[in-house]
$ cat data-v6.cif   # mmCIF, C-alpha atoms
data_input
loop_
_atom_site.label_atom_id
_atom_site.label_comp_id
_atom_site.auth_asym_id
_atom_site.auth_seq_id
_atom_site.Cartn_x
_atom_site.Cartn_y
_atom_site.Cartn_z
CA MET A 193 0.00 0.00 0.00
CA SER A 194 1.12 3.53 -0.67
CA PHE A 195 1.22 6.26 1.96
CA ASN A 196 -2.02 7.72 0.61
CA ASP A 197 -3.75 4.35 0.78
CA ASP A 198 -2.69 3.94 4.42
CA PHE A 199 -3.82 7.46 5.26
CA PHE A 200 -7.26 7.09 3.69
CA ALA A 201 -7.77 3.56 5.02
CA ASN A 202 -7.07 4.75 8.57
CA LEU A 203 -9.20 7.85 8.03
CA GLN A 204 -12.12 5.68 6.94
CA GLN A 205 -11.66 3.44 9.98
CA PHE A 206 -11.64 6.53 12.22
CA ILE A 207 -14.87 7.80 10.63
CA ASP A 208 -16.54 4.39 10.97
CA GLU A 209 -15.69 4.26 14.67
CA ASN A 210 -16.21 7.91 15.62
CA ALA A 211 -18.65 9.54 13.17
CA ASP A 212 -21.42 9.66 15.77
CA LYS A 213 -19.21 11.80 18.03
CA TYR A 214 -19.07 14.71 15.54
CA PRO A 215 -21.75 16.98 14.02
CA SER A 216 -20.77 15.98 10.47
CA ILE A 217 -18.37 13.85 8.43
CA ASP A 218 -16.37 17.01 7.61
CA ASP A 219 -15.88 17.65 11.32
CA ALA A 220 -14.71 14.05 11.80
CA VAL A 221 -12.22 14.42 8.94
CA THR A 222 -10.92 17.70 10.43
CA ALA A 223 -10.46 16.03 13.83
CA TYR A 224 -8.61 13.12 12.27
CA ILE A 225 -6.25 15.40 10.34
CA GLU A 226 -5.50 17.42 13.48
CA GLN A 227 -4.66 14.23 15.40
CA TYR A 228 -2.66 12.90 12.46
CA ASN A 229 -0.56 16.06 12.28
CA LYS A 230 0.21 15.70 16.00
CA GLY A 231 1.42 12.14 15.41
CA GLN A 232 -1.51 10.61 17.26
CA ARG A 233 -2.91 8.88 14.19
CA ASN A 234 0.24 7.77 12.39
CA PRO A 235 -0.36 4.12 11.47
CA LYS A 236 3.37 3.41 11.76
CA LYS A 237 3.27 4.46 15.45
CA SER A 238 0.09 2.60 16.31
CA ASN A 239 0.44 -0.56 18.40
CA GLY A 240 -3.26 -1.38 18.29
CA PRO A 241 -4.88 -4.17 16.25
CA ILE A 242 -5.17 -3.51 12.54
CA SER A 243 -8.59 -3.44 10.89
CA ASP A 244 -10.02 -6.12 8.58
CA ARG A 245 -9.53 -3.69 5.72
CA GLU A 246 -5.83 -3.35 6.48
CA LYS A 247 -5.46 -7.13 6.83
CA SER A 248 -7.24 -7.54 3.51
CA MET A 249 -4.90 -5.11 1.76
CA ASP A 250 -1.89 -6.87 3.29
CA LEU A 251 -3.15 -10.19 1.88
CA LEU A 252 -3.62 -8.50 -1.50
CA GLN A 253 -0.01 -7.32 -1.48
CA GLU A 254 1.15 -10.80 -0.50
CA ALA A 255 -0.90 -12.32 -3.33
CA MET A 256 0.62 -9.96 -5.89
CA TYR A 257 4.09 -11.34 -5.11
CA GLU A 258 2.99 -14.99 -4.94
CA ASN A 259 4.14 -17.06 -7.93
CA ASN A 260 2.05 -20.12 -7.12
CA VAL A 261 -1.34 -19.58 -8.77
CA LYS A 262 -3.30 -21.72 -6.29
CA LYS A 263 -1.76 -19.96 -3.30
CA GLN A 264 -2.32 -16.58 -4.94
CA ARG A 265 -6.03 -17.26 -5.52
CA LYS A 266 -6.41 -18.51 -1.94
CA LEU A 267 -4.88 -15.29 -0.60
CA LEU A 268 -7.14 -13.17 -2.81
CA LYS A 269 -10.26 -14.99 -1.64
CA GLU A 270 -9.20 -14.55 1.99
CA ALA A 271 -8.67 -10.85 1.32
CA ILE A 272 -12.18 -10.50 -0.12
CA LYS A 273 -13.70 -12.43 2.78
CA LEU A 274 -12.09 -10.02 5.25
CA TRP A 275 -13.13 -6.91 3.30
CA PRO A 276 -15.80 -7.48 0.60
CA ASP A 277 -15.04 -4.06 -0.96
CA ASN A 278 -11.50 -5.15 -1.89
CA TYR A 279 -12.24 -4.88 -5.60
CA GLU A 280 -8.56 -4.97 -6.52
CA ALA A 281 -8.51 -8.56 -5.28
CA GLU A 282 -11.66 -9.29 -7.27
CA ILE A 283 -10.00 -7.94 -10.40
CA LEU A 284 -6.97 -10.18 -9.93
CA LEU A 285 -9.24 -13.22 -9.66
CA ALA A 286 -10.47 -12.73 -13.23
CA GLU A 287 -9.26 -15.37 -15.69
CA GLY A 288 -10.18 -16.97 -19.01
CA SER A 289 -11.19 -15.39 -22.33
CA VAL A 290 -11.98 -11.71 -22.81
CA GLU A 291 -15.69 -12.54 -22.61
CA GLU A 292 -15.19 -14.46 -19.35
CA VAL A 293 -13.08 -11.68 -17.83
CA ILE A 294 -15.68 -9.05 -18.75
CA LYS A 295 -18.47 -11.22 -17.33
CA HIS A 296 -16.51 -11.49 -14.05
CA PHE A 297 -15.91 -7.72 -13.93
CA LEU A 298 -19.58 -6.94 -14.57
CA THR A 299 -20.67 -9.37 -11.84
CA VAL A 300 -18.33 -7.67 -9.37
CA HIS A 301 -19.56 -4.26 -10.52
CA GLU A 302 -23.20 -5.27 -10.02
CA ARG A 303 -22.48 -6.23 -6.41
CA ALA A 304 -20.36 -3.11 -5.89
CA HIS A 305 -23.16 -0.94 -7.28
CA LYS A 306 -25.66 -2.40 -4.80
CA ASN A 307 -23.25 -1.62 -1.97
CA TRP A 308 -22.72 1.88 -3.34
CA LEU A 309 -26.47 2.55 -3.25
CA LYS A 310 -26.26 2.09 0.52
CA THR A 311 -23.74 4.96 0.83
CA ASP A 312 -24.37 8.71 0.71
CA GLN A 313 -23.66 8.55 -3.06
CA VAL A 314 -21.57 11.69 -2.88
CA GLY A 315 -18.94 10.49 -5.31
CA TRP A 316 -15.14 10.62 -5.12
CA LEU A 317 -15.17 13.08 -2.21
CA ASN A 318 -16.50 10.33 0.05
CA PHE A 319 -13.55 8.03 0.90
CA GLU A 320 -15.93 5.16 1.50
CA GLU A 321 -17.02 5.29 -2.14
CA ARG A 322 -13.57 5.45 -3.72
CA PRO A 323 -13.05 1.68 -4.13
CA TYR A 324 -16.28 1.62 -6.15
CA TRP A 325 -15.17 4.47 -8.42
CA GLN A 326 -11.72 2.94 -8.89
CA LEU A 327 -13.38 -0.34 -9.88
CA LYS A 328 -15.68 1.46 -12.33
CA TYR A 329 -12.75 3.30 -13.89
CA PHE A 330 -10.74 0.08 -14.20
CA ILE A 331 -13.58 -1.75 -15.93
CA GLY A 332 -14.06 1.18 -18.30
CA SER A 333 -10.33 1.12 -19.12
CA TYR A 334 -10.41 -2.62 -19.80
CA LEU A 335 -13.40 -2.30 -22.13
CA PHE A 336 -11.75 0.67 -23.85
CA ASN A 337 -8.51 -1.25 -24.39
CA VAL A 338 -10.28 -4.21 -26.01
CA GLY A 339 -12.15 -1.86 -28.34
CA MET A 340 -15.60 -1.93 -26.69
CA LEU A 341 -15.99 1.84 -26.71
CA ILE A 342 -19.77 2.00 -26.42
CA LYS A 343 -19.75 -0.33 -23.39
CA ALA A 344 -16.86 1.62 -21.82
CA GLU A 345 -18.49 5.05 -22.17
CA PRO A 346 -21.04 4.84 -19.31
CA PHE A 347 -18.35 3.71 -16.85
CA PHE A 348 -16.20 6.75 -17.62
CA ARG A 349 -19.22 9.02 -17.79
CA ASP A 350 -20.25 8.07 -14.25
CA CYS A 351 -16.69 8.66 -13.01
CA PHE A 352 -16.74 12.08 -14.65
CA ASP A 353 -20.22 13.12 -13.47
CA PHE A 354 -19.67 12.07 -9.84
CA ASN A 355 -16.28 13.74 -9.46
CA GLU A 356 -16.12 17.46 -10.03
CA MET A 357 -12.30 17.43 -10.10
CA ASP A 358 -12.16 14.26 -12.25
CA ASN A 359 -9.24 12.88 -10.22
CA LEU A 360 -9.21 9.65 -12.23
CA GLY A 361 -8.92 11.40 -15.61
CA ALA A 362 -12.12 9.95 -17.10
CA ARG A 363 -12.40 13.01 -19.37
CA TYR A 364 -9.48 11.81 -21.50
CA HIS A 365 -11.08 8.45 -22.23
CA LEU A 366 -14.40 10.13 -22.94
CA MET A 367 -12.80 12.53 -25.42
CA SER A 368 -11.15 9.60 -27.23
CA ILE A 369 -14.39 7.63 -27.30
CA TYR A 370 -16.47 10.53 -28.61
CA ALA A 371 -13.84 11.36 -31.22
CA ARG A 372 -13.63 7.77 -32.47
CA THR A 373 -17.43 7.42 -32.57
CA TYR A 374 -17.82 10.82 -34.31
CA ASN A 375 -20.00 12.13 -31.49
CA TRP A 376 -19.41 15.85 -31.91
CA GLU A 377 -22.14 16.96 -29.49
CA ALA A 378 -20.87 14.81 -26.61
CA ALA A 379 -17.21 15.70 -27.30
CA THR A 380 -17.85 19.45 -27.26
CA GLU A 381 -20.01 19.09 -24.14
CA ILE A 382 -17.20 17.40 -22.20
CA TYR A 383 -14.61 19.83 -23.59
CA TYR A 384 -16.45 23.01 -22.61
CA GLN A 385 -17.58 21.50 -19.32
CA THR A 386 -13.96 20.93 -18.29
CA PRO A 387 -12.24 23.98 -16.74
CA GLU A 388 -9.20 25.18 -18.73
CA ALA A 389 -9.57 22.40 -21.32
CA SER A 390 -7.88 24.70 -23.86
CA GLU A 391 -4.72 24.54 -21.69
CA ASP A 392 -4.56 20.73 -21.80
CA ASP A 393 -3.24 19.11 -24.98
CA MET A 394 -4.91 15.78 -24.12
CA MET A 395 -8.25 17.58 -24.39
CA VAL A 396 -7.36 19.74 -27.38
CA ILE A 397 -5.95 17.00 -29.64
CA PRO A 398 -9.01 14.69 -29.65
CA LEU A 399 -11.48 17.51 -30.31
CA MET A 400 -9.21 19.03 -32.96
CA SER A 401 -8.87 15.62 -34.68
CA LEU A 402 -12.64 15.11 -34.64
CA ALA A 403 -13.19 18.63 -36.00
CA VAL A 404 -10.89 17.86 -38.93
CA ALA A 405 -12.63 14.52 -39.56
CA LEU A 406 -16.06 16.19 -39.61
CA GLY A 407 -14.96 19.16 -41.69
CA GLU A 408 -15.36 21.65 -38.83
CA PHE A 409 -12.24 23.44 -40.04
CA GLN A 410 -12.82 26.81 -38.36
CA THR A 411 -12.98 25.13 -34.95
CA ALA A 412 -10.03 22.92 -35.86
CA ARG A 413 -7.88 25.98 -36.68
CA LYS A 414 -8.71 27.57 -33.33
CA LEU A 415 -7.81 24.37 -31.50
CA LEU A 416 -4.55 24.08 -33.46
CA ALA A 417 -3.69 27.63 -32.41
CA ASP A 418 -4.28 26.61 -28.78
CA LEU A 419 -2.10 23.56 -29.28
CA TYR A 420 0.67 25.67 -30.82
CA ARG A 421 0.54 27.93 -27.77
CA ILE A 422 0.46 25.32 -24.99
CA ASN A 423 2.72 22.60 -26.41
CA PRO A 424 5.21 23.61 -29.13
CA GLN A 425 6.58 20.04 -29.13
CA PHE A 426 3.63 19.08 -31.35
CA ASP A 427 5.70 20.63 -34.15
CA GLU A 428 8.12 17.69 -33.90
CA ILE A 429 5.33 15.22 -34.69
CA LEU A 430 4.72 16.93 -38.04
CA LYS A 431 8.17 16.40 -39.58
CA GLU A 432 7.20 13.41 -41.74
CA ASP A 433 4.63 12.78 -44.45
CA PHE A 434 2.40 10.77 -42.13
CA TRP A 435 1.80 10.26 -38.42
CA PRO A 436 4.91 8.68 -36.81
CA PHE A 437 2.80 6.04 -35.06
CA GLU A 438 5.76 3.77 -34.32
CA LEU A 439 7.58 6.49 -32.41
CA LEU A 440 4.41 7.67 -30.69
CA ASP A 441 3.68 4.14 -29.55
CA GLU A 442 7.14 3.93 -27.99
CA ILE A 443 6.53 7.14 -26.06
CA TYR A 444 2.94 6.24 -25.12
CA SER A 445 2.64 5.94 -21.33
CA PRO A 446 -0.94 6.45 -20.06
CA ASP A 447 0.02 6.02 -16.40
CA GLN A 448 3.01 8.38 -16.35
CA TYR A 449 3.49 11.70 -18.09
CA SER A 450 4.35 15.36 -17.65
CA PHE A 451 1.65 17.93 -18.38
CA ASN A 452 1.74 19.24 -21.99
CA SER A 453 4.79 17.18 -22.98
CA VAL A 454 5.79 14.89 -25.83
CA THR A 455 4.34 12.02 -23.76
CA THR A 456 0.91 13.63 -23.47
CA ILE A 457 0.91 14.16 -27.24
CA ALA A 458 1.49 10.43 -27.66
CA ASN A 459 -1.12 9.61 -25.01
CA ALA A 460 -3.69 11.68 -26.89
CA ILE A 461 -2.85 10.51 -30.42
CA VAL A 462 -2.30 6.75 -29.97
CA PRO A 463 -5.91 6.02 -28.90
CA LEU A 464 -7.06 8.07 -31.92
CA ILE A 465 -5.16 5.97 -34.49
CA PRO A 466 -8.37 4.34 -35.85
CA LEU A 467 -9.85 7.81 -36.42
CA LEU A 468 -6.73 9.44 -37.86
CA THR A 469 -5.90 6.58 -40.23
CA GLY A 470 -9.49 6.59 -41.47
CA VAL A 471 -9.33 10.23 -42.59
CA ASP A 472 -6.85 10.39 -45.47
CA TYR A 473 -6.46 14.17 -45.51
CA ALA A 474 -6.13 14.64 -41.72
CA TYR A 475 -2.35 14.65 -41.36
CA GLY A 476 -1.74 16.81 -44.44
CA TRP A 477 -4.36 19.36 -43.42
CA ILE A 478 -3.12 19.58 -39.84
CA LYS A 479 0.52 19.89 -40.95
CA GLU A 480 -0.28 22.67 -43.45
CA GLU A 481 -2.51 24.66 -41.09
CA TYR A 482 -0.08 24.27 -38.20
CA GLY A 483 2.67 25.64 -40.45
CA LYS A 484 0.51 28.66 -41.31
CA ILE A 485 -0.08 29.37 -37.62
CA ALA A 486 3.65 29.14 -36.94
CA LYS A 487 4.38 31.65 -39.73
CA GLN A 488 1.71 34.05 -38.51
CA LYS A 489 3.12 33.94 -34.99
CA ALA A 490 6.64 34.48 -36.31
CA LEU A 491 5.57 37.61 -38.20
CA LYS A 492 4.37 39.17 -34.96
CA LEU A 493 7.88 39.04 -33.50
CA LYS A 494 8.88 42.48 -34.73
CA THR A 495 11.79 43.53 -32.57
CA SER A 496 15.14 41.76 -32.28
CA LYS A 497 14.57 41.47 -28.53
CA GLN A 498 11.33 39.57 -29.10
CA VAL A 499 13.06 37.28 -31.59
CA GLN A 500 15.82 36.47 -29.11
CA LEU A 501 13.32 35.79 -26.33
CA ALA A 502 11.34 33.49 -28.61
CA LYS A 503 14.47 31.57 -29.60
CA LYS A 504 15.46 31.16 -25.96
CA LYS A 505 11.97 29.91 -25.06
CA LYS A 506 12.03 27.39 -27.90
CA LYS A 507 15.49 26.20 -26.88
CA ASP A 508 14.37 25.78 -23.27
CA ASN A 509 11.05 24.07 -23.95
CA VAL A 510 11.15 22.17 -27.25
CA ILE A 511 12.57 18.70 -27.63
CA SER A 512 14.23 18.56 -31.06
CA PHE A 513 14.87 15.46 -33.10
CA PRO A 514 18.59 14.82 -33.74
CA SER A 515 19.85 14.32 -37.27
CA GLY A 516 18.55 11.10 -38.74
CA VAL A 517 15.69 10.48 -36.33
CA THR A 518 13.09 12.38 -38.34
CA THR A 519 13.91 10.45 -41.50
CA ASP A 520 14.30 7.00 -39.95
CA PHE A 521 12.17 6.21 -36.94
CA ALA A 522 13.21 2.56 -37.17
CA ASN A 523 16.79 3.42 -36.19
CA ASN A 524 17.43 1.35 -33.04
CA TYR A 525 20.88 2.71 -32.20
CA GLU A 526 22.27 -0.80 -31.82
CA ALA A 527 25.42 -0.13 -33.84
CA GLU A 528 28.60 -1.36 -32.18
CA GLY A 529 30.05 1.33 -29.93
CA SER A 530 26.78 3.25 -29.54
CA PRO A 531 26.11 4.46 -25.97
CA LEU A 532 22.45 3.41 -26.44
CA ALA A 533 23.27 -0.18 -27.43
CA GLY A 534 21.39 -2.73 -25.37
CA LEU A 535 18.84 -0.26 -23.97
CA ALA A 536 15.13 -0.90 -24.37
CA PRO A 537 13.55 0.76 -27.44
CA LYS A 538 11.52 3.25 -25.40
CA PRO A 539 14.45 4.88 -23.54
CA GLN A 540 16.43 4.80 -26.80
CA HIS A 541 13.76 6.94 -28.46
CA ILE A 542 13.40 9.23 -25.45
CA LEU A 543 17.15 9.90 -25.39
CA ALA A 544 17.11 10.35 -29.17
CA LEU A 545 14.37 12.99 -28.80
CA GLN A 546 16.72 14.83 -26.44
CA GLY A 547 19.60 14.54 -28.93
CA LEU A 548 21.55 12.28 -26.54
CA THR A 549 22.72 9.60 -28.97
CA SER A 550 26.49 10.00 -28.71
CA PHE A 551 29.11 9.78 -25.97
CA GLU A 552 29.97 13.43 -26.60
CA ALA A 553 26.39 14.63 -26.15
CA LEU A 554 25.92 12.59 -22.97
CA ALA A 555 29.23 13.88 -21.59
CA HIS A 556 27.68 17.38 -21.44
CA LYS A 557 24.98 16.13 -19.07
CA THR A 558 25.29 15.11 -15.42
CA GLN A 559 23.94 11.73 -14.38
CA LYS A 560 21.28 13.51 -12.33
CA GLU A 561 20.16 15.57 -15.35
CA VAL A 562 19.74 12.47 -17.53
CA ALA A 563 17.97 10.56 -14.75
CA ALA A 564 15.51 13.47 -14.44
CA ILE A 565 14.31 13.01 -18.04
CA GLN A 566 10.76 11.62 -18.13
CA GLY A 567 10.91 7.88 -18.87
CA ILE A 568 14.57 7.38 -17.96
CA GLY A 569 15.07 5.17 -14.91
CA PRO A 570 17.95 3.61 -12.93
CA ARG A 571 18.19 0.64 -15.31
CA THR A 572 18.77 2.92 -18.29
CA ILE A 573 21.39 4.93 -16.37
CA GLN A 574 23.21 1.72 -15.45
CA GLY A 575 23.05 0.59 -19.09
CA LEU A 576 24.66 3.85 -20.21
CA LEU A 577 27.39 3.49 -17.59
CA ASP A 578 28.00 -0.11 -18.68
CA ASN A 579 28.38 1.11 -22.26
CA GLY A 580 31.16 3.46 -21.14
CA VAL A 581 29.30 6.77 -20.84
CA LYS A 582 31.15 9.35 -18.76
CA PHE A 583 28.71 11.88 -17.41
CA LYS A 584 29.59 15.47 -16.59
CA LYS A 585 30.67 15.82 -12.98
CA GLU A 586 28.26 17.43 -10.54
CA LYS A 587 29.29 20.90 -9.36
#
$ encode --input "data-v6.cif" --output "structure tokens"
Amino acid sequence: MSFNDDFFANLQQFIDENADKYPSIDDAVTAYIEQYNKGQRNPKKSNGPISDREKSMDLLQEAMYENNVKKQRKLLKEAIKLWPDNYEAEILLAEGSVEEVIKHFLTVHERAHKNWLKTDQVGWLNFEERPYWQLKYFIGSYLFNVGMLIKAEPFFRDCFDFNEMDNLGARYHLMSIYARTYNWEAATEIYYQTPEASEDDMMVIPLMSLAVALGEFQTARKLLADLYRINPQFDEILKEDFWPFELLDEIYSPDQYSFNSVTTIANAIVPLIPLLTGVDYAYGWIKEEYGKIAKQKALKLKTSKQVQLAKKKKKDNVISFPSGVTTDFANNYEAEGSPLAGLAPKPQHILALQGLTSFEALAHKTQKEVAAIQGIGPRTIQGLLDNGVKFKKEK
């Protein structure tokens, strides 16, 4: 369990045991936080018996590291028996064909929904309801990933409607679903219902792509202008004659990304591949119009000072493709003597996007600077060191 899971699990236990002592749930939460901050509610300092929920989550963790299937299933069933709302354990019990897995998920969801009807039905803000919403989001994601968009939509829609802040990110799946099903009315509703959607490339790209597909070119141009403003790295995706799907798939990481980055571009475009490949003119139109916007913006930089500031901003914020990458995305950098030899394809492409494909280029970076790049982990750093890379010394 993560720190947040421990915190919320203990908070829920506190509310269950003490809610009748306070005027409202909010007052109970405030009291818990005050005691927590004083060290009185730190689970690591507690010597008292742990709750059934905590025992259940401990069994879940044990099951996740159990290699013996029979023992794993036994642990999962014990976890569910201790805490029936342990839907993560229920999910791990699913097996068989896609149809059988979906049937299992829907059965669990039906039971979870009946339990949810017994709650205050507040939504994500109520900690007691969060396991239900996490289950609903997971099922929606599974259906989405196997291509059952229509079946997935109501799961994400519920997550979106019952959570004002949309902590689970259901809006992104909904935008992809509405774009791929050509549902302009629903897509624009979600877009304009989401605060600051025009500042989020994962909202802009799906609606812009749908606008192009439906011939709503005026709206598409406005959205492209927003995209140009919030994420100039989109320019690097338009270097070829067609979408660089292979590269985008390597960068695609739905569970980990930096806001308005090259990763979010990939996260927005990859689910839209069926739509984008079905509209022959889409890439050419977007590339041409994006180029026009770039030229118009450049013409507004009248003074030399403005030009220099713009160049500095581009240098600081834009990831440029090194020579060769834009013309050959299949380059795997496995040539003998390459510092990237032996690395996984994804970190190879990420380093290539940063222009770090040679010993000389890497020598200008500290190990800490390279490790800070999104998608580069300790294993990649060790691989670079094993290949003979000498990083710049820390000051």
$ residues_near_point --input "data-v6.cif" --point "(-12.6, 1.3, -11.8)" --cutoff "10 Å" --atoms "only C-alpha atoms" --output "number ranges by chain"
A: 279-280, 283, 297, 301, 322-334, 347-348, 351, 360
$ residues_around --input "data-v6.cif" --residues "Ile565 in chain A" --least-positions-apart "3" --cutoff "10 Å" --atoms "all atoms listed in the file" --output "VMD selection string"
chain A and resid 539 542 to 543 546 560 to 562 568 to 569
$ closest_residue --input "data-v6.cif" --among "A:Asp393, A:Asp358, A:Glu345, A:Asp433" --to "Ala378 in chain A" --atoms "all atoms listed in the file"
A:Glu345
$ resolve_selection --input "data-v6.cif" --expression "the PyMOL selection byres ((chain A and resi 403) around 12)" --output "ChimeraX atom specification"
/A:370-372,374-377,379-380,396-402,404-416,467-468,471,474,477-478
$ atom_distance --input "data-v6.cif" --atom1 "CA of Lys582 in chain A" --atom2 "CA of Leu554 in chain A"
7.5 Å
$ atom_distance --input "data-v6.cif" --atom1 "CA of Asn355 in chain A" --atom2 "CA of Gly339 in chain A"
24.8 Å
$ atom_distance --input "data-v6.cif" --atom1 "CA of Glu246 in chain A" --atom2 "CA of Asn307 in chain A"
19.4 Å
$ residues_around --input "data-v6.cif" --residues "range 480-490 of chain A" --least-positions-apart "5" --cutoff "9 Å" --atoms "all atoms listed in the file" --output "list in words"
Arg413, Leu416, Ala417, Tyr420, Asp427, Leu430, Tyr475 and Val499 of chain A
$ write_last_selection --input "data-v6.cif" --atoms "C-alpha atoms" --output "short mmCIF file (atom, residue, chain, number, x, y, z; two decimals), in the frame of the given file"
data_model
loop_
_atom_site.label_atom_id
_atom_site.label_comp_id
_atom_site.auth_asym_id
_atom_site.auth_seq_id
_atom_site.Cartn_x
_atom_site.Cartn_y
_atom_site.Cartn_z
CA ARG A 413 -7.88 25.98 -36.68
CA LEU A 416 -4.55 24.08 -33.46
CA ALA A 417 -3.69 27.63 -32.41
CA TYR A 420 0.67 25.67 -30.82
CA ASP A 427 5.70 20.63 -34.15
CA LEU A 430 4.72 16.93 -38.04
CA TYR A 475 -2.35 14.65 -41.36
CA VAL A 499 13.06 37.28 -31.59
#
$ closest_residue --input "data-v6.cif" --among "A:Lys269, A:Arg571, A:Lys343, A:Lys584" --to "His556 in chain A" --atoms "all atoms listed in the file"
A:Lys584
$ closest_residue --input "data-v6.cif" --among "A:Phe551, A:Phe336, A:Trp435, A:Tyr383" --to "Asn579 in chain A" --atoms "all atoms listed in the file"
A:Phe551
$ closest_residue --input "data-v6.cif" --among "A:Arg245, A:Arg303, A:Lys262, A:Lys557" --to "Glu282 in chain A" --atoms "only C-alpha atoms"
A:Arg303
